[in-house]
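> Take a look at the following structure, please.
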Amino acid sequence: MQVRFHKMHGLGNDFVVIDARVTAPVEMTAARARALADRKTGVGCDQLILLEPSAVADARMRIFNADGSEVEACGNATRCVVSLLGGSARIETVAGLLEGRSAGDQVSVELGEPRFDWDAIPLAYAMDTRAMPVAWEDLEAPMAANVGNPHVVFFVPETDAVALDRLGPQIETDPLFPARINVNVATVDDRANIRLRVWERGVGLTDACGTGACATAVSAIRAGLVDSPVRVTLPGGPLTIDWAPGRPIIMTGPATHVFTAETDLSAFGADARG
Ligand SMILES: N[C@@H](CCC[C@H](N)C(=O)O)C(=O)O
């Protein structure tokens, strides 16, 4: 089956976006998503995004990590899809209905209200998500937030000094996190600026993670460390996050279209399932 796809990125967090809103349905399996995302043998991306028709929005967005797992939310891809759909769009996701709008080269999306209860993260057992009584070597007492997907956030003196490539996979797969977890390591520079690195669930180290920036910002606001709006600078560049308790999170940043091409989907994990 021949399909058109768009290669896009948000601050270097890159996507293959297949728009199946008006074409024949695209059957996406974990194996097919993994094969497409493979940077050596496939097209290559952090997330595979499948747009399908929606009865309640402009599109239904399905999100597959590079390891093939289907997940609930992706902040950077949401901005890319808003831009692809013309700069103003309502998008249906597993995490809820998201709205976005472009202004110049910036796209703002409303990502819903964060959840902080331990079972909403989810964690394996009850604990205070403001200062969790756990540690992995020097990384200790993280906060946790679910911003559509699950995140743990460590505030550290210097994010660049953390061996996230080694500790990220350990924390991601710790039994404390029954749905696995995205791992954020952040340094608060001042009340308006945070620097952040992210080990993404199902991917690894990425240049940027929109939901990671949101989870980190709301955690820092909740802890009284910064004021809203706050700039969160990732290796790929900055995002602005605006949030107050009881309000949805608003994330603003760029969305870049790289190219459009066609590929034969049957070459990628045609009959593979799971
Ligand atoms: N890159 C994303 C997050 C993608 C999903 C994440 N890896 C998960 O498993 O929840 C973003 O920009 O938010």
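A note on labels: chains of the structure tokens are A, B, ... as shown, every chain counts residues from 1, and ligands are counted from 1 in their shown order.
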With only C-alpha atoms as the counted atoms, please give the residues lying no more than 8 Å from Val16 of chain A, apart from itself and same-chain residues fewer than 5 positions off, as a ChimeraX atom specification.
/A:5-8,37,43-45,47-49
> Would you write out those residues with C-alpha atoms, as a compact mmCIF listing (two decimals), in the first residue's frame?

# COMPACT_ATOMS: atom_id res chain seq x y z
CA PHE A 5 3.97 10.92 4.66
CA HIS A 6 5.36 14.14 6.09
CA LYS A 7 8.68 14.33 7.89
CA MET A 8 8.33 16.99 10.61
CA ALA A 37 10.95 4.55 12.87
CA VAL A 43 12.42 6.29 7.36
CA GLY A 44 13.65 7.20 10.86
CA CYS A 45 11.89 9.16 13.60
CA GLN A 47 7.50 8.96 16.92
CA LEU A 48 5.25 7.69 14.15
CA ILE A 49 2.06 9.78 13.98
> Residues within 10 Å of ligand 1 should be enumerated using only C-alpha atoms and all ligand atoms and returned as a tab-separated table (two decimals) with all heavy atoms, in the first residue's frame.

chain	number	residue	atom	x	y	z
A	9	HIS	N	9.43	18.04	12.49
A	9	HIS	CA	10.02	18.00	13.84
A	9	HIS	C	9.66	19.22	14.66
A	9	HIS	O	9.31	20.28	14.13
A	9	HIS	CB	11.54	17.80	13.80
A	9	HIS	CG	12.31	19.02	13.35
A	9	HIS	ND1	12.69	20.00	14.21
A	9	HIS	CD2	12.78	19.39	12.13
A	9	HIS	CE1	13.37	20.94	13.56
A	9	HIS	NE2	13.42	20.58	12.29
A	10	GLY	N	9.73	19.05	15.98
A	10	GLY	CA	9.58	20.14	16.93
A	10	GLY	C	10.86	20.20	17.73
A	10	GLY	O	11.13	19.29	18.52
A	11	LEU	N	11.72	21.17	17.43
A	11	LEU	CA	13.00	21.32	18.13
A	11	LEU	C	13.87	20.06	18.02
A	11	LEU	O	14.56	19.70	18.97
A	11	LEU	CB	12.79	21.69	19.60
A	11	LEU	CG	12.05	23.00	19.88
A	11	LEU	CD1	11.80	23.18	21.38
A	11	LEU	CD2	12.83	24.19	19.33
A	12	GLY	N	13.77	19.36	16.88
A	12	GLY	CA	14.63	18.19	16.67
A	12	GLY	C	13.99	16.88	17.10
A	12	GLY	O	14.51	15.80	16.79
A	13	ASN	N	12.87	16.94	17.81
A	13	ASN	CA	12.09	15.73	18.17
A	13	ASN	C	11.30	15.41	16.90
A	13	ASN	O	10.40	16.17	16.54
A	13	ASN	CB	11.20	16.09	19.35
A	13	ASN	CG	10.36	14.95	19.89
A	13	ASN	OD1	9.37	15.20	20.55
A	13	ASN	ND2	10.71	13.71	19.65
A	14	ASP	N	11.68	14.31	16.19
A	14	ASP	CA	11.18	14.19	14.82
A	14	ASP	C	10.13	13.09	14.62
A	14	ASP	O	10.11	12.09	15.34
A	14	ASP	CB	12.34	14.05	13.83
A	14	ASP	CG	13.15	12.79	14.01
A	14	ASP	OD1	13.05	12.14	15.07
A	14	ASP	OD2	13.90	12.45	13.08
A	15	PHE	N	9.31	13.33	13.59
A	15	PHE	CA	8.12	12.51	13.36
A	15	PHE	C	7.96	12.15	11.90
A	15	PHE	O	8.29	12.94	11.01
A	15	PHE	CB	6.86	13.28	13.80
A	15	PHE	CG	7.03	13.96	15.13
A	15	PHE	CD1	7.11	15.34	15.22
A	15	PHE	CD2	7.17	13.21	16.29
A	15	PHE	CE1	7.32	15.97	16.45
A	15	PHE	CE2	7.38	13.83	17.52
A	15	PHE	CZ	7.45	15.20	17.59
A	46	ASP	N	11.51	9.72	15.92
A	46	ASP	CA	11.29	9.40	17.34
A	46	ASP	C	9.88	8.84	17.54
A	46	ASP	O	9.66	7.95	18.34
A	46	ASP	CB	11.45	10.66	18.20
A	46	ASP	CG	12.88	11.17	18.23
A	46	ASP	OD1	13.80	10.33	18.18
A	46	ASP	OD2	13.08	12.40	18.29
A	47	GLN	N	8.89	9.43	16.82
A	47	GLN	CA	7.50	8.96	16.92
A	47	GLN	C	6.88	8.87	15.53
A	47	GLN	O	7.15	9.73	14.67
A	47	GLN	CB	6.64	9.91	17.78
A	47	GLN	CG	6.65	9.63	19.26
A	47	GLN	CD	7.77	10.33	20.00
A	47	GLN	OE1	8.21	11.41	19.59
A	47	GLN	NE2	8.26	9.75	21.08
A	48	LEU	N	6.06	7.85	15.36
A	48	LEU	CA	5.25	7.69	14.15
A	48	LEU	C	3.85	8.22	14.50
A	48	LEU	O	3.27	7.80	15.51
A	48	LEU	CB	5.22	6.19	13.81
A	48	LEU	CG	4.50	5.66	12.58
A	48	LEU	CD1	3.02	5.56	12.71
A	48	LEU	CD2	4.89	6.45	11.31
A	63	ILE	N	-0.32	7.94	18.30
A	63	ILE	CA	1.11	8.20	18.52
A	63	ILE	C	1.81	6.88	18.84
A	63	ILE	O	1.42	6.19	19.80
A	63	ILE	CB	1.30	9.18	19.70
A	63	ILE	CG1	0.51	10.46	19.46
A	63	ILE	CG2	2.78	9.46	19.96
A	63	ILE	CD1	0.06	11.14	20.74
A	64	PHE	N	2.85	6.55	18.07
A	64	PHE	CA	3.62	5.33	18.32
A	64	PHE	C	5.08	5.72	18.57
A	64	PHE	O	5.69	6.42	17.75
A	64	PHE	CB	3.57	4.39	17.10
A	64	PHE	CG	2.18	3.90	16.79
A	64	PHE	CD1	1.28	4.68	16.07
A	64	PHE	CD2	1.77	2.65	17.23
A	64	PHE	CE1	0.00	4.23	15.78
A	64	PHE	CE2	0.49	2.19	16.94
A	64	PHE	CZ	-0.41	2.98	16.21
A	65	ASN	N	5.62	5.29	19.71
A	65	ASN	CA	7.04	5.51	19.98
A	65	ASN	C	7.90	4.67	19.03
A	65	ASN	O	7.41	3.70	18.41
A	65	ASN	CB	7.37	5.11	21.42
A	65	ASN	CG	6.96	6.18	22.43
A	65	ASN	OD1	7.00	7.36	22.12
A	65	ASN	ND2	6.58	5.74	23.62
A	66	ALA	N	9.21	4.99	18.98
A	66	ALA	CA	10.12	4.26	18.09
A	66	ALA	C	10.19	2.77	18.42
A	66	ALA	O	10.53	1.96	17.56
A	66	ALA	CB	11.50	4.89	18.16
A	67	ASP	N	9.86	2.40	19.65
A	67	ASP	CA	9.87	0.96	19.99
A	67	ASP	C	8.54	0.28	19.63
A	67	ASP	O	8.33	-0.89	19.94
A	67	ASP	CB	10.20	0.75	21.48
A	67	ASP	CG	9.07	1.16	22.42
A	67	ASP	OD1	8.06	1.74	21.95
A	67	ASP	OD2	9.19	0.89	23.64
A	69	SER	N	5.49	1.06	20.79
A	69	SER	CA	4.42	1.21	21.79
A	69	SER	C	3.51	2.38	21.41
A	69	SER	O	3.99	3.46	21.02
A	69	SER	CB	5.01	1.42	23.20
A	69	SER	OG	5.92	2.51	23.20
A	70	GLU	N	2.19	2.16	21.52
A	70	GLU	CA	1.24	3.25	21.25
A	70	GLU	C	1.00	4.01	22.55
A	70	GLU	O	0.71	3.39	23.59
A	70	GLU	CB	-0.08	2.72	20.68
A	70	GLU	CG	-1.00	3.86	20.28
A	70	GLU	CD	-2.19	3.44	19.40
A	70	GLU	OE1	-2.33	2.24	19.10
A	70	GLU	OE2	-2.95	4.34	19.03
A	71	VAL	N	1.10	5.35	22.51
A	71	VAL	CA	1.01	6.15	23.73
A	71	VAL	C	-0.04	7.24	23.59
A	71	VAL	O	-0.61	7.44	22.53
A	71	VAL	CB	2.39	6.73	24.13
A	71	VAL	CG1	3.34	5.61	24.53
A	71	VAL	CG2	3.00	7.56	23.00
A	72	GLU	N	-0.26	7.95	24.70
A	72	GLU	CA	-1.40	8.84	24.85
A	72	GLU	C	-1.16	10.25	24.34
A	72	GLU	O	-2.11	10.91	23.90
A	72	GLU	CB	-1.77	8.95	26.34
A	72	GLU	CG	-1.86	7.64	27.12
A	72	GLU	CD	-0.52	7.19	27.73
A	72	GLU	OE1	0.57	7.57	27.19
A	72	GLU	OE2	-0.52	6.46	28.72
A	73	ALA	N	0.08	10.74	24.44
A	73	ALA	CA	0.30	12.17	24.19
A	73	ALA	C	1.69	12.42	23.62
A	73	ALA	O	2.63	11.68	23.92
A	73	ALA	CB	0.13	12.95	25.50
A	74	CYS	N	1.79	13.48	22.83
A	74	CYS	CA	3.10	13.95	22.33
A	74	CYS	C	2.97	15.43	22.04
A	74	CYS	O	2.31	15.83	21.07
A	74	CYS	CB	3.52	13.18	21.08
A	74	CYS	SG	5.10	13.75	20.44
A	75	GLY	N	3.58	16.25	22.87
A	75	GLY	CA	3.43	17.70	22.76
A	75	GLY	C	4.00	18.25	21.47
A	75	GLY	O	3.35	19.03	20.76
A	76	ASN	N	5.23	17.86	21.12
A	76	ASN	CA	5.85	18.41	19.91
A	76	ASN	C	5.09	17.98	18.66
A	76	ASN	O	4.91	18.76	17.73
A	76	ASN	CB	7.32	17.96	19.82
A	76	ASN	CG	8.20	18.68	20.82
A	76	ASN	OD1	7.98	19.85	21.13
A	76	ASN	ND2	9.19	17.97	21.37
A	77	ALA	N	4.63	16.73	18.62
A	77	ALA	CA	3.87	16.26	17.45
A	77	ALA	C	2.53	16.99	17.36
A	77	ALA	O	2.04	17.26	16.26
A	77	ALA	CB	3.65	14.76	17.53
A	78	THR	N	1.93	17.33	18.48
A	78	THR	CA	0.66	18.06	18.45
A	78	THR	C	0.85	19.41	17.76
A	78	THR	O	0.05	19.81	16.91
A	78	THR	CB	0.10	18.25	19.87
A	78	THR	OG1	0.03	16.97	20.49
A	78	THR	CG2	-1.30	18.85	19.84
A	79	ARG	N	1.93	20.11	18.09
A	79	ARG	CA	2.20	21.39	17.40
A	79	ARG	C	2.39	21.16	15.90
A	79	ARG	O	1.90	21.91	15.07
A	79	ARG	CB	3.43	22.10	17.99
A	79	ARG	CG	3.26	22.59	19.41
A	79	ARG	CD	4.32	23.65	19.75
A	79	ARG	NE	5.65	23.33	19.25
A	79	ARG	CZ	6.48	22.48	19.84
A	79	ARG	NH1	6.16	21.88	20.96
A	79	ARG	NH2	7.67	22.23	19.31
A	80	CYS	N	3.14	20.09	15.55
A	80	CYS	CA	3.38	19.80	14.12
A	80	CYS	C	2.07	19.53	13.40
A	80	CYS	O	1.85	20.00	12.28
A	80	CYS	CB	4.33	18.61	13.98
A	80	CYS	SG	6.04	19.01	14.40
A	146	ASN	N	1.21	13.58	35.44
A	146	ASN	CA	0.68	13.04	34.21
A	146	ASN	C	0.07	14.20	33.42
A	146	ASN	O	-0.86	14.85	33.88
A	146	ASN	CB	-0.38	11.96	34.49
A	146	ASN	CG	-0.80	11.25	33.22
A	146	ASN	OD1	-1.12	11.89	32.23
A	146	ASN	ND2	-0.80	9.93	33.24
A	147	VAL	N	0.66	14.48	32.26
A	147	VAL	CA	0.18	15.60	31.43
A	147	VAL	C	-0.44	15.03	30.15
A	147	VAL	O	-0.32	15.61	29.06
A	147	VAL	CB	1.34	16.58	31.11
A	147	VAL	CG1	1.81	17.29	32.37
A	147	VAL	CG2	2.50	15.87	30.43
A	148	GLY	N	-1.12	13.90	30.30
A	148	GLY	CA	-1.60	13.13	29.16
A	148	GLY	C	-0.81	11.85	29.07
A	148	GLY	O	-1.32	10.79	28.74
A	149	ASN	N	0.48	11.94	29.39
A	149	ASN	CA	1.36	10.78	29.51
A	149	ASN	C	2.18	10.93	30.82
A	149	ASN	O	2.22	12.01	31.41
A	149	ASN	CB	2.25	10.62	28.27
A	149	ASN	CG	3.08	11.86	27.98
A	149	ASN	OD1	2.93	12.89	28.62
A	149	ASN	ND2	3.94	11.76	27.01
A	150	PRO	N	2.82	9.84	31.26
A	150	PRO	CA	3.45	9.86	32.59
A	150	PRO	C	4.90	10.38	32.59
A	150	PRO	O	5.69	10.00	31.73
A	150	PRO	CB	3.42	8.37	32.97
A	150	PRO	CG	3.44	7.62	31.70
A	150	PRO	CD	2.79	8.50	30.65
A	151	HIS	N	5.18	11.23	33.57
A	151	HIS	CA	6.52	11.82	33.68
A	151	HIS	C	6.99	11.83	35.13
A	151	HIS	O	6.21	12.12	36.04
A	151	HIS	CB	6.52	13.26	33.19
A	151	HIS	CG	6.38	13.39	31.71
A	151	HIS	ND1	7.45	13.50	30.86
A	151	HIS	CD2	5.28	13.37	30.92
A	151	HIS	CE1	7.02	13.59	29.61
A	151	HIS	NE2	5.70	13.51	29.62
A	172	GLU	N	13.09	4.34	33.64
A	172	GLU	CA	11.94	4.12	32.74
A	172	GLU	C	11.27	2.77	33.03
A	172	GLU	O	10.04	2.67	33.00
A	172	GLU	CB	12.40	4.14	31.27
A	172	GLU	CG	11.26	3.82	30.29
A	172	GLU	CD	11.72	3.51	28.86
A	172	GLU	OE1	12.92	3.67	28.56
A	172	GLU	OE2	10.87	3.09	28.06
A	179	ALA	N	3.36	1.64	33.93
A	179	ALA	CA	3.19	1.95	32.50
A	179	ALA	C	4.52	2.46	31.92
A	179	ALA	O	4.53	3.08	30.86
A	179	ALA	CB	2.10	2.99	32.32
A	180	ARG	N	5.64	2.17	32.60
A	180	ARG	CA	6.93	2.80	32.30
A	180	ARG	C	6.78	4.32	32.47
A	180	ARG	O	5.73	4.81	32.86
A	180	ARG	CB	7.47	2.43	30.92
A	180	ARG	CG	7.72	0.91	30.76
A	180	ARG	CD	8.51	0.62	29.50
A	180	ARG	NE	7.69	0.73	28.30
A	180	ARG	CZ	8.16	0.98	27.08
A	180	ARG	NH1	9.45	1.20	26.90
A	180	ARG	NH2	7.34	1.05	26.05
A	181	ILE	N	7.87	5.07	32.21
A	181	ILE	CA	7.80	6.51	32.53
A	181	ILE	C	8.77	7.30	31.64
A	181	ILE	O	9.80	6.76	31.23
A	181	ILE	CB	8.10	6.76	34.03
A	181	ILE	CG1	7.64	8.13	34.52
A	181	ILE	CG2	9.58	6.56	34.34
A	181	ILE	CD1	6.35	8.12	35.27
A	182	ASN	N	8.43	8.55	31.36
A	182	ASN	CA	9.36	9.49	30.73
A	182	ASN	C	10.17	10.15	31.85
A	182	ASN	O	9.60	10.56	32.87
A	182	ASN	CB	8.58	10.54	29.95
A	182	ASN	CG	7.80	9.94	28.79
A	182	ASN	OD1	8.39	9.53	27.79
A	182	ASN	ND2	6.48	9.86	28.91
A	183	VAL	N	11.50	10.24	31.65
A	183	VAL	CA	12.39	10.69	32.73
A	183	VAL	C	12.97	12.07	32.39
A	183	VAL	O	13.66	12.22	31.37
A	183	VAL	CB	13.53	9.68	32.94
A	183	VAL	CG1	14.39	10.10	34.14
A	183	VAL	CG2	12.98	8.27	33.13
A	198	VAL	N	15.70	15.01	28.54
A	198	VAL	CA	14.65	14.01	28.72
A	198	VAL	C	15.08	12.66	28.15
A	198	VAL	O	15.59	12.59	27.01
A	198	VAL	CB	13.34	14.44	28.01
A	198	VAL	CG1	12.21	13.45	28.33
A	198	VAL	CG2	12.92	15.85	28.43
A	199	TRP	N	14.86	11.62	28.96
A	199	TRP	CA	14.93	10.25	28.47
A	199	TRP	C	13.47	9.86	28.21
A	199	TRP	O	12.68	9.70	29.14
A	199	TRP	CB	15.56	9.31	29.50
A	199	TRP	CG	15.53	7.87	29.05
A	199	TRP	CD1	14.53	6.97	29.27
A	199	TRP	CD2	16.51	7.19	28.28
A	199	TRP	NE1	14.82	5.77	28.68
A	199	TRP	CE2	16.04	5.87	28.07
A	199	TRP	CE3	17.75	7.56	27.75
A	199	TRP	CZ2	16.77	4.92	27.35
A	199	TRP	CZ3	18.48	6.60	27.03
A	199	TRP	CH2	17.99	5.32	26.86
A	200	GLU	N	13.10	9.72	26.92
A	200	GLU	CA	11.69	9.42	26.60
A	200	GLU	C	11.41	7.93	26.67
A	200	GLU	O	12.17	7.12	26.10
A	200	GLU	CB	11.36	9.90	25.19
A	200	GLU	CG	11.01	11.36	25.11
A	200	GLU	CD	10.32	11.70	23.80
A	200	GLU	OE1	9.56	10.86	23.29
A	200	GLU	OE2	10.57	12.80	23.30
A	201	ARG	N	10.33	7.61	27.32
A	201	ARG	CA	9.80	6.25	27.30
A	201	ARG	C	9.68	5.77	25.85
A	201	ARG	O	9.16	6.50	25.00
A	201	ARG	CB	8.42	6.26	27.96
A	201	ARG	CG	7.68	4.96	27.93
A	201	ARG	CD	6.35	5.06	28.65
A	201	ARG	NE	5.37	5.92	28.00
A	201	ARG	CZ	4.06	5.95	28.28
A	201	ARG	NH1	3.57	5.17	29.22
A	201	ARG	NH2	3.25	6.76	27.64
A	202	GLY	N	10.20	4.59	25.58
A	202	GLY	CA	10.00	4.00	24.25
A	202	GLY	C	10.86	4.58	23.15
A	202	GLY	O	10.70	4.21	21.99
A	203	VAL	N	11.77	5.50	23.52
A	203	VAL	CA	12.64	6.12	22.51
A	203	VAL	C	14.08	6.22	23.00
A	203	VAL	O	15.01	5.71	22.38
A	203	VAL	CB	12.15	7.54	22.11
A	203	VAL	CG1	13.01	8.10	20.98
A	203	VAL	CG2	10.68	7.52	21.69
A	204	GLY	N	14.29	6.90	24.13
A	204	GLY	CA	15.63	7.18	24.65
A	204	GLY	C	15.83	8.68	24.73
A	204	GLY	O	14.87	9.44	24.85
A	205	LEU	N	17.10	9.11	24.64
A	205	LEU	CA	17.39	10.55	24.70
A	205	LEU	C	16.87	11.22	23.45
A	205	LEU	O	17.12	10.73	22.34
A	205	LEU	CB	18.90	10.77	24.79
A	205	LEU	CG	19.58	10.38	26.09
A	205	LEU	CD1	21.11	10.51	25.95
A	205	LEU	CD2	19.10	11.27	27.24
A	206	THR	N	16.12	12.32	23.59
A	206	THR	CA	15.65	13.05	22.42
A	206	THR	C	16.10	14.51	22.53
A	206	THR	O	16.45	14.98	23.62
A	206	THR	CB	14.11	13.01	22.28
A	206	THR	OG1	13.52	13.49	23.48
A	206	THR	CG2	13.63	11.59	22.00
A	207	ASP	N	16.06	15.23	21.39
A	207	ASP	CA	16.49	16.63	21.40
A	207	ASP	C	15.50	17.51	22.14
A	207	ASP	O	15.83	18.60	22.60
A	207	ASP	CB	16.63	17.15	19.96
A	207	ASP	CG	17.89	16.62	19.30
A	207	ASP	OD1	18.77	16.11	20.03
A	207	ASP	OD2	18.00	16.70	18.07
A	208	ALA	N	14.25	17.04	22.21
A	208	ALA	CA	13.21	17.83	22.88
A	208	ALA	C	12.03	16.93	23.18
A	208	ALA	O	11.81	15.94	22.48
A	208	ALA	CB	12.76	18.98	21.99
A	209	CYS	N	11.27	17.27	24.22
A	209	CYS	CA	10.05	16.53	24.54
A	209	CYS	C	9.04	17.57	25.06
A	209	CYS	O	9.24	18.16	26.13
A	209	CYS	CB	10.34	15.47	25.61
A	209	CYS	SG	8.85	14.59	26.12
A	210	GLY	N	7.99	17.78	24.29
A	210	GLY	CA	7.01	18.81	24.66
A	210	GLY	C	6.29	18.50	25.96
A	210	GLY	O	6.15	19.36	26.83
A	211	THR	N	5.82	17.26	26.09
A	211	THR	CA	5.14	16.91	27.34
A	211	THR	C	6.12	16.90	28.51
A	211	THR	O	5.72	17.20	29.65
A	211	THR	CB	4.41	15.56	27.21
A	211	THR	OG1	5.32	14.57	26.73
A	211	THR	CG2	3.20	15.65	26.30
A	212	GLY	N	7.39	16.58	28.25
A	212	GLY	CA	8.41	16.63	29.32
A	212	GLY	C	8.58	18.06	29.81
A	212	GLY	O	8.68	18.32	31.02
A	213	ALA	N	8.59	19.01	28.85
A	213	ALA	CA	8.70	20.42	29.24
A	213	ALA	C	7.48	20.83	30.07
A	213	ALA	O	7.60	21.56	31.06
A	213	ALA	CB	8.82	21.29	27.98
A	214	CYS	N	6.29	20.33	29.67
A	214	CYS	CA	5.07	20.67	30.42
A	214	CYS	C	5.12	20.07	31.83
A	214	CYS	O	4.82	20.75	32.82
A	214	CYS	CB	3.83	20.14	29.68
A	214	CYS	SG	3.53	20.99	28.14
A	215	ALA	N	5.47	18.80	31.92
A	215	ALA	CA	5.52	18.13	33.23
A	215	ALA	C	6.54	18.81	34.15
A	215	ALA	O	6.29	18.98	35.36
A	215	ALA	CB	5.86	16.65	33.05
> Considering only C-alpha atoms, can you say which of A:Leu111, A:Trp118, A:Ala244, A:Arg4 comes closest to Val94 of chain A?
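Using only C-alpha atoms, Val94 of chain A sits closest to A:Leu111.
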> Pick the closest to Ala220 of chain A from A:Phe177, A:Thr159, A:Pro245, A:Met143: which is it, counting only C-alpha atoms?
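Distance minimum relative to Ala220 of chain A lands on A:Met143.
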> Nearest residue to Arg34 of chain A out of A:Val22, A:Ala55, A:Gly68, A:Ile249, using only C-alpha atoms?
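Of A:Val22, A:Ala55, A:Gly68, A:Ile249, the one nearest Arg34 of chain A is A:Gly68, counting only C-alpha atoms.
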> Which of these, A:Asp227, A:Ala124, A:Ser88, A:Gly269, has the shortest distance to Glu110 of chain A once you count only C-alpha atoms?
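Nearest to Glu110 of chain A: A:Ser88.
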> Could you give me, as a PyMOL selection string, each residue of segment 23-67 of chain A that DSSP assigns to helix (DSSP H, G or I) when run on this structure's backbone?
chain A and resi 30-37
> Since we have the selection now, will you write its residues out, keeping N, CA, C and O atoms, as a PDB file, in the first residue's frame?

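For reference, out05.pdb as written:
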ATOM      1  N   ALA A  30       2.579  -2.502  16.026  1.00  0.00           N
ATOM      2  CA  ALA A  30       3.820  -2.139  16.727  1.00  0.00           C
ATOM      3  C   ALA A  30       5.017  -2.433  15.831  1.00  0.00           C
ATOM      4  O   ALA A  30       5.955  -1.630  15.720  1.00  0.00           O
ATOM      5  N   ALA A  31       4.996  -3.582  15.159  1.00  0.00           N
ATOM      6  CA  ALA A  31       6.135  -3.966  14.313  1.00  0.00           C
ATOM      7  C   ALA A  31       6.297  -3.003  13.139  1.00  0.00           C
ATOM      8  O   ALA A  31       7.417  -2.631  12.773  1.00  0.00           O
ATOM      9  N   ARG A  32       5.187  -2.580  12.564  1.00  0.00           N
ATOM     10  CA  ARG A  32       5.263  -1.661  11.426  1.00  0.00           C
ATOM     11  C   ARG A  32       5.777  -0.285  11.886  1.00  0.00           C
ATOM     12  O   ARG A  32       6.600   0.335  11.212  1.00  0.00           O
ATOM     13  N   ALA A  33       5.280   0.194  13.035  1.00  0.00           N
ATOM     14  CA  ALA A  33       5.746   1.491  13.551  1.00  0.00           C
ATOM     15  C   ALA A  33       7.248   1.437  13.837  1.00  0.00           C
ATOM     16  O   ALA A  33       7.996   2.364  13.514  1.00  0.00           O
ATOM     17  N   ARG A  34       7.670   0.327  14.441  1.00  0.00           N
ATOM     18  CA  ARG A  34       9.108   0.141  14.755  1.00  0.00           C
ATOM     19  C   ARG A  34       9.940   0.154  13.469  1.00  0.00           C
ATOM     20  O   ARG A  34      10.987   0.778  13.408  1.00  0.00           O
ATOM     21  N   ALA A  35       9.463  -0.540  12.451  1.00  0.00           N
ATOM     22  CA  ALA A  35      10.207  -0.637  11.187  1.00  0.00           C
ATOM     23  C   ALA A  35      10.299   0.733  10.504  1.00  0.00           C
ATOM     24  O   ALA A  35      11.350   1.112   9.989  1.00  0.00           O
ATOM     25  N   LEU A  36       9.205   1.502  10.512  1.00  0.00           N
ATOM     26  CA  LEU A  36       9.227   2.839   9.910  1.00  0.00           C
ATOM     27  C   LEU A  36      10.150   3.782  10.680  1.00  0.00           C
ATOM     28  O   LEU A  36      10.846   4.614  10.098  1.00  0.00           O
ATOM     29  N   ALA A  37      10.162   3.640  12.020  1.00  0.00           N
ATOM     30  CA  ALA A  37      10.950   4.554  12.870  1.00  0.00           C
ATOM     31  C   ALA A  37      12.439   4.239  12.835  1.00  0.00           C
ATOM     32  O   ALA A  37      13.262   5.090  13.203  1.00  0.00           O
TER      33      ALA A  37
END
> Taking only C-alpha atoms into account, name the residue in A:Trp243, A:Phe259, A:Phe268, A:Phe116 that is nearest to Val226 of chain A.
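Under the stated criterion, the closest residue is A:Trp243.
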> Which is closer to Thr216 of chain A than all the others in A:Ala145, A:Leu265, A:Ala135, A:Asp174, using only C-alpha atoms?
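Answer, going by the shortest atom-to-atom distance: A:Ala145.
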> Quick one: residues within 10 Å of Glu52 of chain A, only C-alpha atoms, excluding same-chain residues fewer than 4 positions away - as a PyMOL selection string?
chain A and resi 18-26+58-62+92
> Among segment 24-265 of chain A, which ones does DSSP assign to strand (DSSP E) (computed from the backbone)? Answer as a PyMOL selection string.
chain A and resi 47-52+59-65+70-71+88-93+96-103+106-110+135-136+139-140+143-146+150-155+182-190+193-200+204-206+230-234+237-242+250-254+256-264
> Between atom CA of Arg191 of chain A and atom CA of Leu225 of chain A, measure the distance and give it in Å to one decimal.
6.4 Å
> Need to verify the contact set: Gly253 of chain A, 8 Å, only C-alpha atoms, exclusion of same-chain residues closer than 6 positions in sequence. Can you return it as a ChimeraX atom specification?
/A:10,79,106-108,238-240
